[in-house]
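Peer 1: Have a look at this one.
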Amino acid sequence: MPADFGIIGLRVMGRNLALNVEEHGFCVAVWNRTTQIAEKFVEENRGKRLIETKSLDELVKGVKRPRRIMLMIEAGRPVDLVIMQLRPLLERGDILIDGGNSWFKDTQRRSAELTRDGINYFGSGVSGGELGARFGPSLMPGGPR
């Protein structure tokens with residue numbers, strides 16, 4: 001079954017956001033650079049609609065089109081490195097959301113670059129901490145209409 005949503009990065013906020021999205025009726029594909037973290041997360045939440053992926057390619061292929069993928073990773077260079085790996089895998093109309101605390105100028109630059117490929121890029125602060133991500137985060141999105 002293809003996932004409805006993808007989450008990259010399974011630290012505290014990514015894990016809790018994945019559980020929140022799943023409990024609202026969506027199947028979630030998850031990936032973490034340290035693959036054992038994704039494996040353990042899915043195992044600990046057996047019975048939930050969570051799909052462990054072992055590569056970014058597997059994650060992208062496992063999410064329904066147009067894809068909706070959220071980055072929950074450290075701001076700065078890590079975001080650029082993941083986008084560099086994702087860019088050739090994504091297609092026109094896909095949506096990429098940066099849920100970290102990226103500097104707005106970085107978000108504007110990334111949005112302009114990805115828009116040329118028809119990829120919709122949004123920066124979205126996620127507030128509320130661990131419990132907020134789990135039970136009702138405050139999301140502050142910015143990006144193209």
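By order in the structure tokens, chains are A, B, ...; within a chain, residues start at 1; ligands start at 1, following the order shown.
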Hey, which bits of stretch 32-143 of chain A sit within 9 Å of stretch 9-22 of chain A, and for each residue what's the closest pair of atoms and how far apart in Å (one decimal), counting only C-alpha atoms, rows by chain and increasing number, as a Markdown table?
Peer 2:
```
| residue | atom | partner | partner_atom | distance |
| --- | --- | --- | --- | --- |
| A:Asn32 | CA | A:Gly9 | CA | 4.9 |
| A:Arg33 | CA | A:Gly9 | CA | 7.3 |
| A:Ile37 | CA | A:Leu10 | CA | 7.2 |
| A:Ala38 | CA | A:Leu10 | CA | 6.9 |
| A:Phe41 | CA | A:Arg15 | CA | 7.6 |
| A:Asn45 | CA | A:Leu19 | CA | 8.7 |
| A:Lys48 | CA | A:Glu22 | CA | 7.2 |
| A:Arg49 | CA | A:Glu22 | CA | 6.3 |
| A:Leu50 | CA | A:Glu22 | CA | 7.2 |
| A:Met70 | CA | A:Gly9 | CA | 8.7 |
| A:Leu71 | CA | A:Gly9 | CA | 6.4 |
| A:Met72 | CA | A:Gly9 | CA | 4.9 |
| A:Ile73 | CA | A:Gly9 | CA | 5.2 |
| A:Glu74 | CA | A:Gly9 | CA | 8.7 |
| A:Gly99 | CA | A:Gly14 | CA | 8.9 |
| A:Val126 | CA | A:Met13 | CA | 8.5 |
| A:Gly129 | CA | A:Met13 | CA | 7.1 |
| A:Glu130 | CA | A:Met13 | CA | 5.8 |
| A:Leu131 | CA | A:Asn16 | CA | 7.7 |
| A:Gly132 | CA | A:Asn16 | CA | 8.4 |
| A:Ala133 | CA | A:Leu17 | CA | 4.9 |
| A:Arg134 | CA | A:Asn16 | CA | 4.4 |
| A:Phe135 | CA | A:Asn20 | CA | 6.1 |
| A:Gly136 | CA | A:Asn20 | CA | 7.7 |
| A:Pro137 | CA | A:Leu17 | CA | 8.2 |
```
Peer 1: With only C-alpha atoms as the counted atoms, please give the residues lying no more than 7 Å from stretch 110-124 of chain A, apart from itself and same-chain residues fewer than 6 positions off, as a PyMOL selection string.
Peer 2: chain A and resi 91-99+139-144
Peer 1: Can you spit out the residues from that selection as a short mmCIF file (atom, residue, chain, number, x, y, z; two decimals), in the first residue's frame, using C-alpha atoms?
Peer 2:
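The resulting selection27.cif:
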```
data_model
loop_
_atom_site.label_atom_id
_atom_site.label_comp_id
_atom_site.auth_asym_id
_atom_site.auth_seq_id
_atom_site.Cartn_x
_atom_site.Cartn_y
_atom_site.Cartn_z
CA GLU A 91 8.43 15.11 -9.97
CA ARG A 92 6.50 18.17 -11.04
CA GLY A 93 3.67 18.81 -8.58
CA ASP A 94 5.31 17.09 -5.61
CA ILE A 95 5.35 18.96 -2.30
CA LEU A 96 8.41 19.18 -0.06
CA ILE A 97 7.98 20.72 3.39
CA ASP A 98 10.89 21.79 5.60
CA GLY A 99 9.66 21.43 9.17
CA LEU A 139 2.34 24.89 12.08
CA MET A 140 3.54 28.12 10.49
CA PRO A 141 3.86 27.43 6.75
CA GLY A 142 5.24 29.75 4.13
CA GLY A 143 5.74 29.15 0.43
CA PRO A 144 4.07 29.39 -2.96
#
```
Peer 1: DSSP on the backbone, then: every residue of stretch 70-141 of chain A marked alpha helix (DSSP H), written as a PyMOL selection string.
Peer 2: chain A and resi 77-86+104-115+129-135
Peer 1: Using N, CA and C atoms, can you write the selected residues to a file as a PDB file, in the first residue's frame?
Peer 2:
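See result29.pdb below for the written result:
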```
ATOM      1  N   ARG A  77      22.911  23.128   6.329  1.00  0.00           N
ATOM      2  CA  ARG A  77      23.512  22.238   5.333  1.00  0.00           C
ATOM      3  C   ARG A  77      22.835  20.875   5.247  1.00  0.00           C
ATOM      4  N   PRO A  78      22.413  20.255   6.370  1.00  0.00           N
ATOM      5  CA  PRO A  78      21.731  18.957   6.243  1.00  0.00           C
ATOM      6  C   PRO A  78      20.497  19.019   5.336  1.00  0.00           C
ATOM      7  N   VAL A  79      19.750  20.111   5.397  1.00  0.00           N
ATOM      8  CA  VAL A  79      18.567  20.251   4.537  1.00  0.00           C
ATOM      9  C   VAL A  79      19.004  20.321   3.076  1.00  0.00           C
ATOM     10  N   ASP A  80      20.029  21.124   2.796  1.00  0.00           N
ATOM     11  CA  ASP A  80      20.510  21.230   1.413  1.00  0.00           C
ATOM     12  C   ASP A  80      21.003  19.885   0.887  1.00  0.00           C
ATOM     13  N   LEU A  81      21.696  19.119   1.723  1.00  0.00           N
ATOM     14  CA  LEU A  81      22.210  17.815   1.293  1.00  0.00           C
ATOM     15  C   LEU A  81      21.080  16.836   0.982  1.00  0.00           C
ATOM     16  N   VAL A  82      20.044  16.834   1.818  1.00  0.00           N
ATOM     17  CA  VAL A  82      18.912  15.932   1.564  1.00  0.00           C
ATOM     18  C   VAL A  82      18.155  16.373   0.315  1.00  0.00           C
ATOM     19  N   ILE A  83      17.953  17.680   0.152  1.00  0.00           N
ATOM     20  CA  ILE A  83      17.269  18.171  -1.052  1.00  0.00           C
ATOM     21  C   ILE A  83      18.060  17.786  -2.301  1.00  0.00           C
ATOM     22  N   MET A  84      19.384  17.880  -2.235  1.00  0.00           N
ATOM     23  CA  MET A  84      20.220  17.509  -3.376  1.00  0.00           C
ATOM     24  C   MET A  84      19.990  16.038  -3.757  1.00  0.00           C
ATOM     25  N   GLN A  85      19.791  15.184  -2.766  1.00  0.00           N
ATOM     26  CA  GLN A  85      19.536  13.769  -3.043  1.00  0.00           C
ATOM     27  C   GLN A  85      18.104  13.531  -3.520  1.00  0.00           C
ATOM     28  N   LEU A  86      17.165  14.315  -2.993  1.00  0.00           N
ATOM     29  CA  LEU A  86      15.750  14.146  -3.347  1.00  0.00           C
ATOM     30  C   LEU A  86      15.402  14.708  -4.719  1.00  0.00           C
ATOM     31  N   PHE A 104      14.926  32.038   6.923  1.00  0.00           N
ATOM     32  CA  PHE A 104      13.980  32.359   5.857  1.00  0.00           C
ATOM     33  C   PHE A 104      14.656  32.592   4.514  1.00  0.00           C
ATOM     34  N   LYS A 105      15.870  33.118   4.504  1.00  0.00           N
ATOM     35  CA  LYS A 105      16.580  33.328   3.230  1.00  0.00           C
ATOM     36  C   LYS A 105      16.921  31.978   2.584  1.00  0.00           C
ATOM     37  N   ASP A 106      17.259  30.974   3.402  1.00  0.00           N
ATOM     38  CA  ASP A 106      17.503  29.631   2.863  1.00  0.00           C
ATOM     39  C   ASP A 106      16.221  29.063   2.271  1.00  0.00           C
ATOM     40  N   THR A 107      15.109  29.272   2.963  1.00  0.00           N
ATOM     41  CA  THR A 107      13.819  28.783   2.473  1.00  0.00           C
ATOM     42  C   THR A 107      13.475  29.440   1.139  1.00  0.00           C
ATOM     43  N   GLN A 108      13.679  30.748   1.039  1.00  0.00           N
ATOM     44  CA  GLN A 108      13.399  31.451  -0.214  1.00  0.00           C
ATOM     45  C   GLN A 108      14.276  30.923  -1.349  1.00  0.00           C
ATOM     46  N   ARG A 109      15.553  30.713  -1.079  1.00  0.00           N
ATOM     47  CA  ARG A 109      16.477  30.195  -2.094  1.00  0.00           C
ATOM     48  C   ARG A 109      16.061  28.796  -2.544  1.00  0.00           C
ATOM     49  N   ARG A 110      15.772  27.931  -1.588  1.00  0.00           N
ATOM     50  CA  ARG A 110      15.375  26.558  -1.935  1.00  0.00           C
ATOM     51  C   ARG A 110      14.074  26.545  -2.729  1.00  0.00           C
ATOM     52  N   SER A 111      13.140  27.386  -2.321  1.00  0.00           N
ATOM     53  CA  SER A 111      11.857  27.453  -3.018  1.00  0.00           C
ATOM     54  C   SER A 111      12.060  27.878  -4.471  1.00  0.00           C
ATOM     55  N   ALA A 112      12.883  28.902  -4.683  1.00  0.00           N
ATOM     56  CA  ALA A 112      13.141  29.382  -6.052  1.00  0.00           C
ATOM     57  C   ALA A 112      13.797  28.284  -6.894  1.00  0.00           C
ATOM     58  N   GLU A 113      14.755  27.572  -6.315  1.00  0.00           N
ATOM     59  CA  GLU A 113      15.453  26.511  -7.053  1.00  0.00           C
ATOM     60  C   GLU A 113      14.508  25.368  -7.414  1.00  0.00           C
ATOM     61  N   LEU A 114      13.694  24.937  -6.465  1.00  0.00           N
ATOM     62  CA  LEU A 114      12.810  23.791  -6.696  1.00  0.00           C
ATOM     63  C   LEU A 114      11.622  24.150  -7.579  1.00  0.00           C
ATOM     64  N   THR A 115      11.189  25.399  -7.519  1.00  0.00           N
ATOM     65  CA  THR A 115      10.077  25.844  -8.360  1.00  0.00           C
ATOM     66  C   THR A 115      10.425  25.678  -9.839  1.00  0.00           C
ATOM     67  N   GLY A 129       6.733  21.657  20.755  1.00  0.00           N
ATOM     68  CA  GLY A 129       7.590  20.643  21.348  1.00  0.00           C
ATOM     69  C   GLY A 129       7.099  19.231  21.090  1.00  0.00           C
ATOM     70  N   GLU A 130       7.627  18.310  21.879  1.00  0.00           N
ATOM     71  CA  GLU A 130       7.329  16.891  21.708  1.00  0.00           C
ATOM     72  C   GLU A 130       5.832  16.597  21.785  1.00  0.00           C
ATOM     73  N   LEU A 131       5.156  17.133  22.791  1.00  0.00           N
ATOM     74  CA  LEU A 131       3.714  16.868  22.936  1.00  0.00           C
ATOM     75  C   LEU A 131       2.906  17.566  21.851  1.00  0.00           C
ATOM     76  N   GLY A 132       3.335  18.755  21.456  1.00  0.00           N
ATOM     77  CA  GLY A 132       2.645  19.446  20.376  1.00  0.00           C
ATOM     78  C   GLY A 132       2.709  18.654  19.081  1.00  0.00           C
ATOM     79  N   ALA A 133       3.905  18.174  18.743  1.00  0.00           N
ATOM     80  CA  ALA A 133       4.059  17.373  17.521  1.00  0.00           C
ATOM     81  C   ALA A 133       3.194  16.129  17.586  1.00  0.00           C
ATOM     82  N   ARG A 134       3.072  15.572  18.767  1.00  0.00           N
ATOM     83  CA  ARG A 134       2.327  14.322  18.939  1.00  0.00           C
ATOM     84  C   ARG A 134       0.814  14.530  18.899  1.00  0.00           C
ATOM     85  N   PHE A 135       0.349  15.608  19.529  1.00  0.00           N
ATOM     86  CA  PHE A 135      -1.098  15.752  19.709  1.00  0.00           C
ATOM     87  C   PHE A 135      -1.713  17.000  19.086  1.00  0.00           C
TER      88      PHE A 135
END
```
Peer 1: What does the distance between atom CA of A:Ile51 and atom CA of A:Val28 come to in Å, to one decimal place?
Peer 2: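 Answer for the atom CA of A:Ile51 to atom CA of A:Val28 separation: 6.1 Å.
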Peer 1: To one decimal place, how far is atom CA of A:Gly125 from atom CA of A:Glu39 in Å?
Peer 2: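 Between atom CA of A:Gly125 and atom CA of A:Glu39 the gap is 26.4 Å.
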Peer 1: Could you tell me how far atom CA of A:Thr53 lies from atom CA of A:Thr35, in Å and to one decimal?
Peer 2: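 Distance reported for this atom pair: 8.1 Å.
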Peer 1: Taking the DSSP assignment computed from this structure's backbone, write out as JSON, numbers by chain all residues of chain A that belong to strand (DSSP E or B).
Peer 2: {"A": [3, 5, 6, 7, 8, 28, 29, 30, 31, 50, 51, 52, 63, 68, 69, 70, 71, 95, 96, 97, 98, 120, 121, 122, 123, 124, 125, 126, 127, 138, 139, 140, 141, 142]}
Peer 1: Residues of the last selection are to be written out with N, CA and C atoms, as a CSV table (one decimal), in the first residue's frame.
Peer 2:
```
chain,number,residue,atom,x,y,z
A,3,ALA,N,2.1,5.0,0.7
A,3,ALA,CA,1.9,5.9,1.8
A,3,ALA,C,1.2,7.2,1.3
A,5,PHE,N,1.9,10.1,2.9
A,5,PHE,CA,2.8,11.1,3.4
A,5,PHE,C,4.1,10.5,3.8
A,6,GLY,N,5.2,11.3,3.6
A,6,GLY,CA,6.5,10.8,3.9
A,6,GLY,C,7.2,11.8,4.9
A,7,ILE,N,7.9,11.2,5.9
A,7,ILE,CA,8.6,12.0,6.9
A,7,ILE,C,10.1,11.5,6.9
A,8,ILE,N,11.0,12.5,6.7
A,8,ILE,CA,12.4,12.3,6.7
A,8,ILE,C,12.9,12.9,8.0
A,28,VAL,N,2.0,6.6,6.7
A,28,VAL,CA,3.2,7.4,6.6
A,28,VAL,C,4.4,6.5,6.4
A,29,ALA,N,5.2,6.9,5.3
A,29,ALA,CA,6.5,6.3,5.1
A,29,ALA,C,7.5,7.1,5.8
A,30,VAL,N,8.4,6.5,6.5
A,30,VAL,CA,9.5,7.2,7.3
A,30,VAL,C,10.9,6.7,6.8
A,31,TRP,N,11.8,7.7,6.9
A,31,TRP,CA,13.2,7.4,6.6
A,31,TRP,C,14.1,8.2,7.6
A,50,LEU,N,2.6,2.7,9.4
A,50,LEU,CA,3.9,3.3,9.3
A,50,LEU,C,4.8,2.3,8.4
A,51,ILE,N,5.4,2.9,7.4
A,51,ILE,CA,6.2,2.1,6.5
A,51,ILE,C,7.7,2.5,6.6
A,52,GLU,N,8.5,1.6,7.0
A,52,GLU,CA,10.0,1.9,7.1
A,52,GLU,C,10.6,1.8,5.7
A,63,VAL,N,5.5,6.9,-1.8
A,63,VAL,CA,4.5,7.9,-1.4
A,63,VAL,C,3.7,8.2,-2.7
A,68,ARG,N,3.8,14.1,-0.9
A,68,ARG,CA,3.9,15.1,0.2
A,68,ARG,C,4.9,14.6,1.2
A,69,ILE,N,6.0,15.2,1.2
A,69,ILE,CA,7.2,14.8,2.1
A,69,ILE,C,7.6,15.9,3.0
A,70,MET,N,7.8,15.6,4.2
A,70,MET,CA,8.2,16.6,5.2
A,70,MET,C,9.6,16.2,5.8
A,71,LEU,N,10.5,17.2,5.8
A,71,LEU,CA,11.8,17.1,6.3
A,71,LEU,C,11.8,17.6,7.8
A,95,ILE,N,5.3,18.0,-3.4
A,95,ILE,CA,5.4,19.0,-2.3
A,95,ILE,C,6.4,18.5,-1.3
A,96,LEU,N,7.4,19.4,-1.0
A,96,LEU,CA,8.4,19.2,-0.1
A,96,LEU,C,8.3,20.2,1.0
A,97,ILE,N,8.2,19.8,2.3
A,97,ILE,CA,8.0,20.7,3.4
A,97,ILE,C,9.2,20.6,4.3
A,98,ASP,N,9.8,21.8,4.6
A,98,ASP,CA,10.9,21.8,5.6
A,98,ASP,C,10.3,22.2,6.9
A,120,ASN,N,6.9,22.0,-5.4
A,120,ASN,CA,6.4,23.0,-4.4
A,120,ASN,C,7.2,22.8,-3.1
A,121,TYR,N,7.8,23.9,-2.7
A,121,TYR,CA,8.6,23.8,-1.5
A,121,TYR,C,8.1,24.8,-0.4
A,122,PHE,N,7.8,24.3,0.7
A,122,PHE,CA,7.3,25.1,1.8
A,122,PHE,C,8.2,25.1,3.0
A,123,GLY,N,8.4,26.2,3.7
A,123,GLY,CA,9.1,26.2,5.0
A,123,GLY,C,7.9,26.2,6.0
A,124,SER,N,8.0,25.4,7.0
A,124,SER,CA,6.9,25.4,8.0
A,124,SER,C,7.5,25.1,9.4
A,125,GLY,N,7.6,26.2,10.2
A,125,GLY,CA,8.0,26.0,11.6
A,125,GLY,C,7.0,25.1,12.3
A,126,VAL,N,7.5,24.3,13.2
A,126,VAL,CA,6.6,23.4,14.0
A,126,VAL,C,6.8,23.7,15.4
A,127,SER,N,5.8,24.3,16.1
A,127,SER,CA,5.9,24.7,17.5
A,127,SER,C,5.1,23.8,18.4
A,138,SER,N,1.5,23.5,16.4
A,138,SER,CA,1.2,24.7,15.7
A,138,SER,C,2.2,24.8,14.5
A,139,LEU,N,1.6,24.9,13.3
A,139,LEU,CA,2.3,24.9,12.1
A,139,LEU,C,2.3,26.3,11.5
A,140,MET,N,3.4,26.8,11.1
A,140,MET,CA,3.5,28.1,10.5
A,140,MET,C,4.1,28.0,9.1
A,141,PRO,N,3.3,27.6,8.1
A,141,PRO,CA,3.9,27.4,6.7
A,141,PRO,C,4.0,28.7,6.0
A,142,GLY,N,5.0,28.7,5.1
A,142,GLY,CA,5.2,29.8,4.1
A,142,GLY,C,5.8,29.2,2.8
```
Peer 1: Check the smallest atom-to-atom distance from each of A:Asp4, A:Pro88, A:Arg46, A:Gly100 to A:Pro66 using only C-alpha atoms, then report the winner.
Peer 2: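 Smallest separation from A:Pro66 among the options: A:Asp4.
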